[in-house]
>>> print(open('target_35.txt').read())   # compact mmCIF, C-alpha atoms
# COMPACT_ATOMS: atom_id res chain seq x y z
CA MET L 1 -3.22 -34.89 28.62
CA THR L 2 -3.94 -31.22 29.22
CA GLU L 3 -1.09 -28.82 29.76
CA GLU L 4 -1.09 -25.34 31.20
CA PRO L 5 -0.89 -22.72 28.45
CA SER L 6 2.76 -22.21 27.55
CA GLN L 7 4.05 -18.72 28.23
CA ARG L 8 7.60 -17.88 27.53
CA VAL L 9 10.31 -17.09 30.01
CA ARG L 10 11.67 -13.56 29.52
CA ILE L 11 15.25 -12.58 30.32
CA TRP L 12 16.75 -9.09 30.31
CA ARG L 13 19.90 -7.23 31.14
CA TYR L 14 18.92 -5.15 34.13
CA PRO L 15 18.99 -1.77 32.29
CA CYS L 16 16.83 -3.17 29.45
CA ALA L 17 14.05 -4.63 31.61
CA PRO L 18 10.67 -2.92 31.96
CA ILE L 19 10.84 -0.30 34.68
CA GLU L 20 8.26 -2.04 36.87
CA ILE L 21 10.47 -5.15 36.87
CA GLN L 22 13.62 -3.12 37.63
CA GLN L 23 11.87 -1.40 40.53
CA LEU L 24 11.48 -4.73 42.32
CA PHE L 25 15.29 -4.74 42.75
CA PRO L 26 16.38 -1.11 43.10
CA ASP L 27 20.00 -2.11 43.86
CA GLY L 28 20.44 -3.68 40.41
CA GLY L 29 23.46 -2.85 38.26
CA SER L 30 24.26 -2.83 34.56
CA ASP L 31 25.75 -6.37 34.57
CA ASP L 32 22.79 -7.86 36.39
CA TRP L 33 20.08 -10.01 34.83
CA LEU L 34 16.35 -10.27 35.44
CA VAL L 35 14.06 -13.18 34.58
CA HIS L 36 10.28 -13.26 34.51
CA ALA L 37 8.56 -16.64 34.54
CA THR L 38 4.96 -17.72 35.02
CA ALA L 39 4.20 -20.03 37.91
CA SER L 40 4.35 -23.10 35.67
CA GLU L 41 7.63 -22.04 34.04
CA PHE L 42 9.09 -21.11 37.41
CA ARG L 43 8.42 -24.62 38.69
CA ILE L 44 10.66 -25.88 35.89
CA ILE L 45 13.47 -23.35 35.83
CA GLY L 46 13.24 -21.62 39.21
CA PRO L 47 15.24 -24.10 41.30
CA SER L 48 18.07 -24.19 38.77
CA LEU L 49 18.21 -20.42 38.35
CA LEU L 50 18.24 -20.03 42.12
CA GLY L 51 21.21 -22.41 42.00
CA TRP L 52 23.28 -19.48 40.76
CA SER L 53 23.21 -18.27 44.35
CA ARG L 54 26.26 -20.53 44.88
CA ILE L 55 28.13 -18.15 42.58
CA HIS L 56 26.57 -14.73 43.12
CA PRO L 57 23.54 -13.16 44.82
CA VAL L 58 20.17 -14.23 43.38
CA LYS L 59 16.79 -13.12 44.69
CA ALA L 60 13.24 -14.04 43.69
CA VAL L 61 10.01 -12.13 44.15
CA GLU L 62 6.56 -13.62 43.59
CA LEU L 63 4.09 -11.28 41.92
CA ALA L 64 0.36 -11.05 42.64
CA ASP L 65 -0.49 -13.14 39.54
CA GLY L 66 1.66 -16.01 40.80
CA SER L 67 4.50 -15.36 38.36
CA SER L 68 8.01 -14.71 39.65
CA VAL L 69 10.87 -12.37 38.91
CA LEU L 70 14.45 -13.38 39.62
CA TRP L 71 17.41 -11.06 39.87
CA GLY L 72 21.04 -12.09 39.58
CA ALA L 73 24.08 -9.94 40.24
CA PRO L 74 27.17 -11.56 38.65
CA ARG L 75 29.57 -8.73 39.44
CA ARG L 76 28.94 -9.31 43.13
CA ALA L 77 30.39 -12.81 42.83
CA ILE L 78 33.71 -11.60 44.17
CA SER L 79 32.29 -10.20 47.41
CA HIS L 80 30.24 -13.39 47.56
CA ILE L 81 33.27 -15.66 47.28
CA ALA L 82 35.11 -13.57 49.88
CA SER L 83 32.19 -14.16 52.25
CA LEU L 84 32.64 -17.90 51.71
CA GLY L 85 36.10 -17.68 53.27
CA LYS L 86 38.40 -17.30 50.27
CA SER L 87 41.56 -15.43 51.15
CA VAL L 88 41.04 -11.69 50.98
CA VAL L 89 44.07 -9.69 49.84
CA ASP L 90 42.64 -6.25 50.61
CA LYS L 91 39.47 -5.63 52.51
CA ALA L 92 37.04 -3.16 51.03
CA PRO L 93 38.44 0.19 52.12
CA GLU L 94 36.46 2.51 54.27
CA GLY L 95 35.68 5.89 52.79
CA LYS L 96 36.41 6.82 49.23
CA ASP L 97 38.85 4.71 47.26
CA ARG L 98 39.40 4.20 43.55
CA ARG L 99 38.69 0.46 43.73
CA ALA L 100 36.25 0.64 46.63
CA CYS L 101 35.95 -3.14 46.87
CA ALA L 102 37.71 -6.16 48.28
CA ARG L 103 40.39 -7.99 46.32
CA VAL L 104 40.32 -11.74 46.68
CA HIS L 105 43.23 -14.07 46.06
CA ILE L 106 42.04 -16.75 43.60
CA GLU L 107 44.40 -18.86 41.52
CA CYS L 108 42.43 -20.30 38.64
CA PRO L 109 43.27 -21.09 35.00
CA ILE L 110 42.35 -18.34 32.56
CA ARG L 111 42.30 -17.82 28.81
CA TYR L 112 42.51 -14.40 27.28
CA GLU L 113 42.23 -12.66 23.95
CA VAL L 114 43.67 -9.20 23.46
CA HIS L 115 41.83 -7.21 20.81
CA SER L 116 44.92 -5.55 19.41
CA GLU L 117 46.15 -5.77 15.82
CA PRO L 118 47.12 -8.56 15.40
CA LYS L 119 44.89 -10.24 17.98
CA ARG L 120 46.72 -12.13 20.67
CA ALA L 121 45.44 -15.07 22.67
CA GLY L 122 47.01 -16.96 25.51
CA THR L 123 46.54 -18.75 28.78
CA GLY L 124 47.54 -17.90 32.30
CA GLN L 125 46.40 -17.90 35.88
CA SER L 126 44.49 -15.43 37.96
CA ILE L 127 46.35 -13.82 40.86
CA ASP L 128 43.59 -11.82 42.48
CA ILE L 129 40.22 -10.42 41.57
CA SER L 130 37.91 -7.67 42.71
CA ASN L 131 34.46 -6.48 41.62
CA MET L 132 36.28 -4.11 39.30
CA GLY L 133 39.07 -6.16 37.75
CA ILE L 134 41.36 -9.18 37.49
CA CYS L 135 45.11 -9.35 37.96
CA PHE L 136 46.59 -12.37 36.20
CA ALA L 137 49.83 -14.05 35.20
CA CYS L 138 50.24 -14.23 31.43
CA GLU L 139 52.67 -15.57 28.83
CA SER L 140 54.11 -12.30 27.57
CA LEU L 141 53.93 -8.53 27.77
CA LEU L 142 50.47 -7.50 26.64
CA PRO L 143 49.76 -4.13 25.02
CA ALA L 144 48.42 -1.80 27.71
CA LYS L 145 45.15 0.10 27.31
CA THR L 146 43.78 -2.38 24.76
CA LYS L 147 40.48 -4.24 24.94
CA ILE L 148 40.68 -7.74 26.36
CA THR L 149 38.38 -10.69 26.96
CA VAL L 150 39.20 -13.07 29.81
CA TRP L 151 37.60 -16.44 30.54
CA MET L 152 38.34 -17.65 34.05
CA GLN L 153 37.52 -21.06 35.46
CA TRP L 154 35.49 -20.27 38.56
CA PRO L 155 36.48 -22.16 41.73
CA ILE L 156 32.86 -22.99 42.57
CA GLY L 157 30.48 -24.86 40.27
CA LEU L 158 26.72 -25.17 40.28
CA GLU L 159 25.02 -27.65 42.55
CA ASP L 160 24.35 -30.12 39.73
CA GLY L 161 28.09 -30.36 39.08
CA LEU L 162 28.17 -28.00 36.10
CA PRO L 163 31.45 -26.09 35.99
CA VAL L 164 31.20 -22.33 35.67
CA GLU L 165 33.39 -19.83 33.86
CA LEU L 166 33.65 -16.08 34.38
CA HIS L 167 33.57 -14.19 31.09
CA ALA L 168 34.91 -10.67 31.53
CA GLU L 169 35.36 -7.99 28.90
CA GLY L 170 37.25 -4.80 29.57
CA LYS L 171 40.58 -3.11 29.06
CA LEU L 172 44.14 -3.71 30.17
CA VAL L 173 45.04 -1.13 32.76
CA ARG L 174 48.44 -2.49 33.76
CA SER L 175 50.92 -4.61 31.87
CA GLU L 176 54.22 -6.12 32.97
CA PRO L 177 56.29 -8.82 31.26
CA ASN L 178 54.49 -11.74 32.92
CA ARG L 179 51.47 -10.22 34.57
CA ALA L 180 48.69 -7.86 33.67
CA ALA L 181 45.57 -6.31 35.16
CA MET L 182 42.28 -5.69 33.45
CA GLN L 183 39.38 -3.46 34.40
CA MET L 184 36.11 -5.32 33.85
CA GLU L 185 33.41 -3.52 31.88
CA ASP L 186 31.12 -6.49 31.31
CA VAL L 187 30.86 -9.50 33.63
CA ARG L 188 28.99 -12.73 32.88
CA PHE L 189 29.05 -16.29 34.11
CA TRP L 190 28.71 -19.23 31.76
CA THR L 191 28.03 -22.85 32.41
CA VAL L 192 30.60 -25.02 30.68
CA ALA L 193 29.13 -28.11 29.04
CA MET T 1 20.93 -15.42 11.62
CA GLN T 2 17.90 -17.45 10.55
CA ILE T 3 14.97 -19.13 12.21
CA GLY T 4 16.06 -22.68 12.94
CA ASP T 5 19.72 -21.86 13.53
CA THR T 6 21.36 -23.48 16.50
CA VAL T 7 22.39 -20.77 18.90
CA LEU T 8 24.50 -20.44 22.02
CA VAL T 9 23.14 -18.22 24.75
CA ALA T 10 25.85 -15.69 25.61
CA GLY T 11 24.44 -13.84 28.60
CA GLY T 12 22.14 -14.03 31.59
CA PRO T 13 21.51 -17.07 33.75
CA LEU T 14 21.30 -19.42 30.75
CA ALA T 15 24.68 -18.41 29.28
CA GLY T 16 26.49 -21.41 27.88
CA ARG T 17 23.32 -23.29 26.96
CA VAL T 18 22.38 -24.19 23.40
CA GLY T 19 18.97 -23.77 21.77
CA ARG T 20 17.22 -23.19 18.47
CA LEU T 21 16.25 -19.78 17.18
CA ALA T 22 12.46 -19.93 17.10
CA GLY T 23 11.42 -16.41 16.14
CA VAL T 24 11.34 -12.74 16.88
CA SER T 25 9.19 -10.78 19.32
CA GLY T 26 9.47 -7.03 18.87
CA GLN T 27 13.17 -6.27 19.18
CA ARG T 28 13.90 -9.53 20.97
CA VAL T 29 14.56 -13.09 19.87
CA LEU T 30 12.90 -16.30 20.93
CA VAL T 31 15.06 -19.30 21.66
CA GLU T 32 13.67 -22.78 22.15
CA MET T 33 15.68 -24.93 24.45
CA ARG T 34 15.43 -28.08 26.46
CA LEU T 35 16.01 -27.30 30.09
CA TRP T 36 15.77 -29.81 32.88
CA ALA T 37 13.86 -32.26 30.65
CA GLN T 38 11.31 -29.65 29.55
CA GLN T 39 10.94 -27.74 26.30
CA ILE T 40 10.94 -24.01 27.06
CA GLU T 41 10.80 -20.88 24.95
CA VAL T 42 12.95 -18.04 26.21
CA GLU T 43 12.76 -14.42 25.04
CA MET T 44 15.98 -12.42 25.24
CA ASP T 45 18.04 -9.62 23.70
CA PRO T 46 19.57 -10.55 20.31
CA ASP T 47 23.10 -9.70 21.46
CA TRP T 48 22.86 -12.52 23.98
CA VAL T 49 22.62 -15.02 21.13
CA ASP T 50 25.50 -16.39 19.03
CA VAL T 51 24.89 -18.68 16.06
CA VAL T 52 26.84 -21.92 16.33
CA ALA T 53 25.29 -23.85 13.42
CA ARG T 54 23.15 -22.82 10.48
CA ARG T 55 19.88 -24.62 9.83
CA LYS T 56 20.44 -27.49 7.39
CA SER T 57 17.96 -26.44 4.69
CA PRO T 58 17.93 -22.76 3.80
CA ALA T 59 14.65 -20.97 4.39
CA ARG T 60 12.60 -20.52 1.19
CA VAL T 61 11.92 -16.93 2.12
CA ASP T 62 14.71 -14.86 3.61
CA GLU T 63 14.07 -15.09 7.32
CA SER T 64 16.91 -12.88 8.40
CA VAL T 65 16.16 -12.11 12.01
CA TRP T 66 18.13 -8.93 11.81
CA GLU T 67 16.00 -7.64 8.92
CA ARG T 68 12.83 -8.50 10.79
CA LEU T 69 14.12 -6.77 13.88
CA GLY T 70 14.79 -3.74 11.72
CA SER T 71 11.29 -3.73 10.27
CA ASP T 72 9.75 -4.12 13.74
CA GLN T 73 11.57 -1.02 14.83
CA ALA T 74 10.13 1.01 11.97
>>> encode(input="target_35.txt", output="structure tokens")
Amino acid sequence: MTEEPSQRVRIWRYPCAPIEIQQLFPDGGSDDWLVHATASEFRIIGPSLLGWSRIHPVKAVELADGSSVLWGAPRRAISHIASLGKSVVDKAPEGKDRRACARVHIECPIRYEVHSEPKRAGTGQSIDISNMGICFACESLLPAKTKITVWMQWPIGLEDGLPVELHAEGKLVRSEPNRAAMQMEDVRFWTVA
Amino acid sequence: MQIGDTVLVAGGPLAGRVGRLAGVSGQRVLVEMRLWAQQIEVEMDPDWVDVVARRKSPARVDESVWERLGSDQA
């Protein structure tokens, strides 16, 4: 049996990709990912990677040599979910605003780890979320202005039934006895096996 | 981190999937994984890879990926 020569799939964070790949998607942001796959690899992984479009925007471009580049924008998942009819708390404001994005009411289980000394971990529930941050109910008063990692069960899974989790790293910008808000600095989605 | 280690992909569209560290390419790592019933090699940034299990038999020669990445940068 003859097989097409195997060429590897290449994945980058948007800012780390070769400039000619970035230029295919000039609206890309620092949390976004880019994938390059040959035609044969794309036949294998393309449909599944395009499946992320249930969660956040994904686009594909075919190059002259038959290979393809895919772009995914995880931070835009919140606008995306708002467009699917989830309840919007605040619409994206017109003109200049500090948040400058819609806040969407989503109640989903979360886990968090506060990177204070000593480290603190707990569980809670999201209250609302925007492209910039998450407001959530927590078990206790968390130390403000500290780094935090939040894992949030996403309300939509992939088409093949795989559940998806939002993994957000950032800092606590507001803290009250049973609720807190984080500003997201790094946003990723994980499949949960 | 050594060649042969089992790794968890921690970023990009394959985050959450498990593979085997297969090598180094420039400043990037190669991860072999089985995706949708096919064996595929994926090149990615090393900080998108977390080791979840060490290879069972230690490499005869030190195959520290981080050292090799360092030498490639020289």
>>> residues_around(input="target_35.txt", residues="segment 25-36 of chain T", least_positions_apart="5", cutoff="8 Å", atoms="only C-alpha atoms", output="PyMOL selection string")
(chain L and resi 44-45) or (chain T and resi 7+18-20+41-46+69+72-73)
>>> atom_distance(input="target_35.txt", atom1="atom CA of Ser83 of chain L", atom2="atom CA of Val150 of chain L")
23.5 Å
>>> residues_around(input="target_35.txt", residues="Asn131 of chain L", least_positions_apart="2", cutoff="7 Å", atoms="all atoms listed in the file", output="list in words")
Arg75, Arg76, Ile78, Cys101, Ile129 and Gly133 of chain L
>>> atom_distance(input="target_35.txt", atom1="atom CA of Asp27 of chain L", atom2="atom CA of Gly46 of chain L")
21.2 Å
>>> closest_atom_pairs(input="target_35.txt", of="chain L", to="chain T", cutoff="8 Å", atoms="only C-alpha atoms", output="Markdown table")
| residue | atom | partner | partner_atom | distance |
| --- | --- | --- | --- | --- |
| L:Gln7 | CA | T:Glu41 | CA | 7.8 |
| L:Arg8 | CA | T:Glu41 | CA | 5.1 |
| L:Val9 | CA | T:Val42 | CA | 4.7 |
| L:Arg10 | CA | T:Glu43 | CA | 4.7 |
| L:Ile11 | CA | T:Met44 | CA | 5.1 |
| L:Trp12 | CA | T:Met44 | CA | 6.1 |
| L:Arg13 | CA | T:Gly12 | CA | 7.2 |
| L:Asp32 | CA | T:Gly12 | CA | 7.8 |
| L:Trp33 | CA | T:Gly12 | CA | 5.6 |
| L:Leu34 | CA | T:Gly12 | CA | 7.9 |
| L:Glu41 | CA | T:Ile40 | CA | 8.0 |
| L:Ile44 | CA | T:Trp36 | CA | 7.1 |
| L:Ile45 | CA | T:Leu35 | CA | 7.4 |
| L:Leu49 | CA | T:Pro13 | CA | 6.6 |
| L:Trp52 | CA | T:Pro13 | CA | 7.6 |
| L:Gly72 | CA | T:Pro13 | CA | 7.7 |
| L:Arg188 | CA | T:Gly11 | CA | 6.3 |
| L:Phe189 | CA | T:Ala15 | CA | 6.8 |
| L:Trp190 | CA | T:Ala15 | CA | 4.8 |
| L:Thr191 | CA | T:Gly16 | CA | 5.0 |
| L:Val192 | CA | T:Gly16 | CA | 6.1 |
| L:Ala193 | CA | T:Gly16 | CA | 7.3 |
>>> atom_distance(input="target_35.txt", atom1="atom CA of Gly66 of chain L", atom2="atom CA of Ser40 of chain L")
9.2 Å
>>> residues_near_point(input="target_35.txt", point="(35.7, -22.7, 39.3)", cutoff="10 Å", atoms="only C-alpha atoms", output="list of chain:residue names")
L:Ile55, L:Ile106, L:Glu107, L:Cys108, L:Pro109, L:Met152, L:Gln153, L:Trp154, L:Pro155, L:Ile156, L:Gly157, L:Leu158, L:Leu162, L:Pro163, L:Val164, L:Glu165, L:Leu166
